[in-house]
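Data file: model.cif. Format and content: mmCIF, C-alpha atoms.
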data_data
loop_
_atom_site.group_PDB
_atom_site.id
_atom_site.type_symbol
_atom_site.label_atom_id
_atom_site.label_comp_id
_atom_site.auth_asym_id
_atom_site.auth_seq_id
_atom_site.Cartn_x
_atom_site.Cartn_y
_atom_site.Cartn_z
ATOM 1 C CA MET L 220 0.000 0.000 0.000
ATOM 2 C CA THR L 221 2.913 2.330 0.369
ATOM 3 C CA SER L 222 3.458 2.314 -3.352
ATOM 4 C CA ARG L 223 -0.148 3.128 -3.844
ATOM 5 C CA ARG L 224 0.115 5.933 -1.381
ATOM 6 C CA ALA L 225 3.258 7.243 -3.053
ATOM 7 C CA GLY L 226 1.490 7.202 -6.426
ATOM 8 C CA LEU L 227 -1.437 9.067 -4.963
ATOM 9 C CA TRP L 228 0.818 11.671 -3.412
ATOM 10 C CA THR L 229 2.599 12.091 -6.735
ATOM 11 C CA ILE L 230 -0.672 12.686 -8.525
ATOM 12 C CA LEU L 231 -1.861 15.146 -5.874
ATOM 13 C CA LEU L 232 1.445 16.933 -5.949
ATOM 14 C CA ALA L 233 1.308 17.173 -9.741
ATOM 15 C CA PHE L 234 -2.222 18.637 -9.626
ATOM 16 C CA GLY L 235 -1.133 21.075 -6.952
ATOM 17 C CA VAL L 236 1.817 22.283 -8.998
ATOM 18 C CA LEU L 237 -0.411 22.644 -12.088
ATOM 19 C CA GLY L 238 -2.937 24.639 -10.071
ATOM 20 C CA ILE L 239 -0.268 26.976 -8.770
ATOM 21 C CA LEU L 240 1.106 27.490 -12.264
ATOM 22 C CA ALA L 241 -2.346 28.158 -13.651
ATOM 23 C CA ALA L 242 -3.028 30.703 -10.919
ATOM 24 C CA CYS L 243 0.223 32.511 -11.632
ATOM 25 C CA THR L 244 -0.505 32.901 -15.350
ATOM 26 C CA ARG L 245 -4.020 34.270 -14.981
ATOM 27 C CA GLN L 246 -4.408 37.969 -15.678
ATOM 28 C CA ALA L 247 -6.172 40.175 -13.266
ATOM 29 C CA PRO L 248 -9.518 41.382 -14.577
ATOM 30 C CA ALA L 249 -9.461 44.870 -16.067
ATOM 31 C CA PRO L 250 -10.871 47.547 -13.773
ATOM 32 C CA LYS L 251 -14.249 48.828 -14.769
ATOM 33 C CA ALA L 252 -14.181 52.240 -16.481
ATOM 34 C CA THR L 253 -16.024 55.142 -14.982
ATOM 35 C CA PRO L 254 -18.653 56.791 -17.195
ATOM 36 C CA ALA L 255 -16.325 59.771 -17.856
ATOM 37 C CA GLU L 256 -13.506 57.462 -18.935
ATOM 38 C CA SER L 257 -15.689 55.406 -21.242
ATOM 39 C CA ALA L 258 -16.995 58.532 -23.025
ATOM 40 C CA ALA L 259 -13.524 59.939 -23.700
ATOM 41 C CA PRO L 260 -11.777 58.541 -26.749
ATOM 42 C CA SER L 261 -8.563 56.759 -26.135
ATOM 43 C CA PRO L 262 -5.495 58.691 -27.256
ATOM 44 C CA ALA L 263 -4.077 57.747 -30.636
ATOM 45 C CA PRO L 264 -0.795 55.924 -30.504
ATOM 46 C CA THR L 265 2.191 58.151 -31.076
ATOM 47 C CA PRO L 266 3.663 57.385 -34.516
ATOM 48 C CA LYS L 267 7.302 56.525 -34.702
ATOM 49 C CA ALA L 268 9.324 59.451 -36.010
ATOM 50 C CA TRP L 269 10.490 58.983 -39.599
ATOM 51 C CA THR L 270 14.191 59.311 -40.138
ATOM 52 C CA PRO L 271 15.610 59.274 -43.643
ATOM 53 C CA GLU L 272 18.135 56.656 -44.535
ATOM 54 C CA PRO L 273 21.643 58.048 -44.671
ATOM 55 C CA LYS L 274 22.935 58.535 -48.170
ATOM 56 C CA THR L 275 26.213 56.916 -48.843
ATOM 57 C CA GLN L 276 27.466 58.937 -51.772
ATOM 58 C CA PRO L 277 27.832 62.732 -51.711
ATOM 59 C CA GLU L 278 26.529 63.134 -55.274
ATOM 60 C CA GLN L 279 23.192 61.704 -54.143
ATOM 61 C CA GLN L 280 22.852 64.533 -51.632
ATOM 62 C CA LEU L 281 23.516 67.272 -54.175
ATOM 63 C CA GLN L 282 20.599 68.048 -56.452
ATOM 64 C CA VAL L 283 21.791 70.055 -59.424
ATOM 65 C CA GLN L 284 19.393 72.138 -61.464
ATOM 66 C CA THR L 285 20.224 71.782 -65.134
ATOM 67 C CA SER L 286 17.245 73.170 -67.002
ATOM 68 C CA ALA L 287 17.458 76.115 -69.357
ATOM 69 C CA ASP L 288 14.659 77.855 -67.424
ATOM 70 C CA TYR L 289 16.646 77.609 -64.209
ATOM 71 C CA PHE L 290 19.743 79.178 -65.774
ATOM 72 C CA ASN L 291 17.685 81.870 -67.529
ATOM 73 C CA LYS L 292 16.200 82.872 -64.170
ATOM 74 C CA GLN L 293 19.745 83.065 -62.782
ATOM 75 C CA HIS L 294 20.762 85.353 -65.701
ATOM 76 C CA VAL L 295 23.936 83.366 -66.350
ATOM 77 C CA LEU L 296 24.207 84.888 -69.833
ATOM 78 C CA LYS L 297 24.505 88.662 -69.662
ATOM 79 C CA ARG L 298 22.984 91.159 -72.076
ATOM 80 C CA ILE L 299 24.997 93.576 -74.169
ATOM 81 C CA HIS L 300 24.106 97.106 -75.330
ATOM 82 C CA PHE L 301 24.557 99.177 -78.466
ATOM 83 C CA ASP L 302 24.970 102.804 -79.436
ATOM 84 C CA THR L 303 22.162 104.633 -81.245
ATOM 85 C CA ASP L 304 21.531 103.246 -84.753
ATOM 86 C CA LYS L 305 24.592 100.951 -84.438
ATOM 87 C CA TRP L 306 25.051 97.192 -84.441
ATOM 88 C CA ASN L 307 28.802 96.878 -83.925
ATOM 89 C CA ILE L 308 29.979 95.242 -80.681
ATOM 90 C CA ARG L 309 31.368 97.841 -78.276
ATOM 91 C CA PRO L 310 34.710 97.105 -76.539
ATOM 92 C CA GLU L 311 33.114 96.853 -73.083
ATOM 93 C CA ASP L 312 30.591 94.324 -74.404
ATOM 94 C CA ARG L 313 33.252 92.064 -75.914
ATOM 95 C CA ALA L 314 34.253 90.951 -72.416
ATOM 96 C CA ILE L 315 30.608 90.065 -71.681
ATOM 97 C CA LEU L 316 30.388 88.035 -74.892
ATOM 98 C CA LYS L 317 33.603 86.204 -73.965
ATOM 99 C CA GLU L 318 32.102 85.253 -70.585
ATOM 100 C CA ASN L 319 28.893 84.124 -72.292
ATOM 101 C CA ALA L 320 30.939 82.036 -74.750
ATOM 102 C CA GLN L 321 32.920 80.398 -71.930
ATOM 103 C CA TRP L 322 29.692 79.448 -70.186
ATOM 104 C CA LEU L 323 28.209 78.047 -73.408
ATOM 105 C CA LEU L 324 31.363 76.038 -74.139
ATOM 106 C CA ALA L 325 31.186 74.531 -70.649
ATOM 107 C CA HIS L 326 27.486 73.627 -71.120
ATOM 108 C CA PRO L 327 27.102 72.038 -74.566
ATOM 109 C CA GLN L 328 23.634 70.703 -73.700
ATOM 110 C CA PHE L 329 22.166 74.157 -74.376
ATOM 111 C CA LYS L 330 21.623 76.325 -77.405
ATOM 112 C CA VAL L 331 21.168 80.077 -77.228
ATOM 113 C CA ILE L 332 18.635 82.439 -78.749
ATOM 114 C CA ILE L 333 19.958 85.958 -79.272
ATOM 115 C CA GLU L 334 17.195 88.566 -79.207
ATOM 116 C CA GLY L 335 17.904 91.913 -80.897
ATOM 117 C CA HIS L 336 16.108 94.937 -79.371
ATOM 118 C CA CYS L 337 15.928 98.658 -80.167
ATOM 119 C CA ASP L 338 14.657 101.831 -78.566
ATOM 120 C CA GLU L 339 11.293 103.352 -79.492
ATOM 121 C CA ARG L 340 12.586 105.842 -82.031
ATOM 122 C CA GLN L 341 12.372 105.158 -85.786
ATOM 123 C CA THR L 342 9.788 102.990 -87.528
ATOM 124 C CA GLN L 343 8.882 99.423 -86.644
ATOM 125 C CA ALA L 344 10.399 98.137 -89.918
ATOM 126 C CA TYR L 345 13.662 100.040 -89.327
ATOM 127 C CA ASN L 346 13.933 98.734 -85.762
ATOM 128 C CA LEU L 347 13.194 95.133 -86.764
ATOM 129 C CA ALA L 348 16.034 95.294 -89.311
ATOM 130 C CA LEU L 349 18.378 96.968 -86.798
ATOM 131 C CA GLY L 350 17.507 94.397 -84.107
ATOM 132 C CA GLU L 351 18.314 91.623 -86.586
ATOM 133 C CA ARG L 352 21.721 93.162 -87.359
ATOM 134 C CA ARG L 353 22.479 93.438 -83.647
ATOM 135 C CA ALA L 354 21.575 89.796 -82.995
ATOM 136 C CA ASP L 355 23.617 88.685 -86.044
ATOM 137 C CA ALA L 356 26.644 90.717 -84.867
ATOM 138 C CA ALA L 357 26.576 88.938 -81.479
ATOM 139 C CA LYS L 358 26.102 85.578 -83.209
ATOM 140 C CA GLN L 359 29.147 86.115 -85.425
ATOM 141 C CA TYR L 360 31.204 87.163 -82.403
ATOM 142 C CA LEU L 361 30.212 84.000 -80.490
ATOM 143 C CA ILE L 362 31.003 81.838 -83.519
ATOM 144 C CA GLY L 363 34.445 83.475 -83.608
ATOM 145 C CA LEU L 364 34.876 82.430 -79.969
ATOM 146 C CA GLY L 365 34.167 78.773 -80.783
ATOM 147 C CA ILE L 366 30.416 78.361 -80.343
ATOM 148 C CA PRO L 367 29.008 76.250 -83.211
ATOM 149 C CA ALA L 368 26.550 78.138 -85.405
ATOM 150 C CA THR L 369 24.090 75.254 -85.004
ATOM 151 C CA ARG L 370 23.696 76.183 -81.325
ATOM 152 C CA ILE L 371 22.778 79.825 -82.022
ATOM 153 C CA GLN L 372 19.465 81.258 -83.212
ATOM 154 C CA THR L 373 18.609 84.911 -83.668
ATOM 155 C CA VAL L 374 15.374 86.859 -83.519
ATOM 156 C CA SER L 375 14.577 90.563 -83.725
ATOM 157 C CA TYR L 376 11.902 92.213 -81.632
ATOM 158 C CA GLY L 377 12.693 95.741 -82.766
ATOM 159 C CA LYS L 378 11.044 98.180 -80.376
ATOM 160 C CA SER L 379 8.217 95.865 -79.295
ATOM 161 C CA ARG L 380 9.740 94.643 -75.987
ATOM 162 C CA PRO L 381 11.275 97.582 -74.136
ATOM 163 C CA LEU L 382 12.890 97.222 -70.708
ATOM 164 C CA CYS L 383 12.182 100.863 -69.932
ATOM 165 C CA THR L 384 9.234 102.947 -71.131
ATOM 166 C CA GLU L 385 10.353 106.463 -70.228
ATOM 167 C CA HIS L 386 11.154 108.814 -73.099
ATOM 168 C CA THR L 387 14.726 109.636 -72.044
ATOM 169 C CA GLU L 388 18.162 108.896 -73.441
ATOM 170 C CA GLU L 389 18.986 106.847 -70.331
ATOM 171 C CA CYS L 390 15.911 104.683 -70.907
ATOM 172 C CA TRP L 391 16.545 104.325 -74.658
ATOM 173 C CA ALA L 392 20.117 103.186 -73.913
ATOM 174 C CA LYS L 393 18.726 100.323 -71.797
ATOM 175 C CA ASN L 394 16.471 99.227 -74.663
ATOM 176 C CA ARG L 395 19.255 99.080 -77.293
ATOM 177 C CA ARG L 396 20.396 95.584 -76.414
ATOM 178 C CA ASP L 397 20.815 91.896 -77.172
ATOM 179 C CA GLU L 398 19.324 89.386 -74.738
ATOM 180 C CA PHE L 399 20.628 85.808 -74.522
ATOM 181 C CA LEU L 400 18.161 83.053 -73.661
ATOM 182 C CA LEU L 401 19.110 79.431 -73.180
ATOM 183 C CA GLU L 402 17.141 76.544 -74.595
ATOM 184 C CA ASP L 403 17.648 72.812 -74.200
ATOM 185 C CA MET L 404 19.289 71.210 -77.248
ATOM 186 C CA ASN L 405 16.454 68.709 -77.655
ATOM 187 C CA GLN L 406 13.797 71.408 -78.091
#
Turn the structure described in the file into structure tokens.
Amino acid sequence: MTSRRAGLWTILLAFGVLGILAACTRQAPAPKATPAESAAPSPAPTPKAWTPEPKTQPEQQLQVQTSADYFNKQHVLKRIHFDTDKWNIRPEDRAILKENAQWLLAHPQFKVIIEGHCDERQTQAYNLALGERRADAAKQYLIGLGIPATRIQTVSYGKSRPLCTEHTEECWAKNRRDEFLLEDMNQ
């Protein structure tokens, strides 16, 4: 009978241990919410802050603007001016054309449109012809500095697009000019 008693004690001991383990793993019941707590919405979980992945190469961090519009807004190509009823390139404007040519040589993905402009005096026909001569003079100068003719277009606006509208010599001098606008080669 001792073996029977030992077996019984083993079974009772096993049930006791299982009961203790079961009691330890039970969760306490949740406390009942008060009416004020149940009416209030539970706060939204705080989202984890987003952190960008580090970039491994410096060129990925640098975003370079390369559009013609961007460079036109930056005025990288400077305008030149002319004397009254003249289309020859003045000495002070030759340096500007050299700078423009250097920029164009360094950026072969662009072509340039040279716009010839005049002041308000003379007829529209006269000013259109004079504006064309001014644009052609700048084109020939740039070609002489190494810019391929295929990258240069000219247009004359005569007196139709003034920078200044006052009727003074100072204002007319501003309007006697060539403007240089970049355009993408694939346009």
Subject >> Straight-line distance linking CA of Arg396 (chain L) with CA of Ile299 (chain L), stated in Å to one decimal >> reply: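 Atom-to-atom, CA of Arg396 (chain L) to CA of Ile299 (chain L), that is 5.5 Å.
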**OP:** Apply the PyMOL selection byres ((chain L and resi 331) around 7) to the displayed file and report the matching residues as a PyMOL selection string.
**Re:** chain L and resi 329-330+332-333+370-372+399-402
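Take the PyMOL selection byres ((chain L and resi 313-323) around 7) and apply it to this file: it picks Leu296, Lys297, Ile308, Arg309, Pro310, Glu311, Asp312, Leu324, Ala325, His326, Pro327, Leu361, Leu364 and Ile366 of chain L.
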Original post:
Quick one: of L:Val295, L:Ala348, L:Ala357, L:Ala287, who's nearest to Asn307 (chain L), counting all atoms listed in the file?
Top reply: L:Ala357
**OP:** Give me the residues within 12 Å of region 373-387 of chain L as a VMD selection string, counting only C-alpha atoms and dropping any in the same chain fewer than 5 places off.
**Re:** chain L and resid 298 304 330 to 359 368 392 to 401
Size and centre in Å, one decimal, axis-aligned box, all listed region 286-299 of chain L atoms plus 8 Å per side, as JSON:
{"center_x": 19.8, "center_y": 83.4, "center_z": -68.5, "size_x": 26.3, "size_y": 36.4, "size_z": 27.4}
Subject >> Which residue of L:Trp306, L:Tyr289, L:Gln328, L:Glu389 approaches Gln406 (chain L) most closely, using all atoms listed in the file >> reply: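 The shortest atom-to-atom distance to Gln406 (chain L) comes from L:Gln328.
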Original post:
Quick one: distance from CA of Glu388 (chain L) to CA of Tyr360 (chain L) in Å, one decimal?
Top reply: 26.9 Å
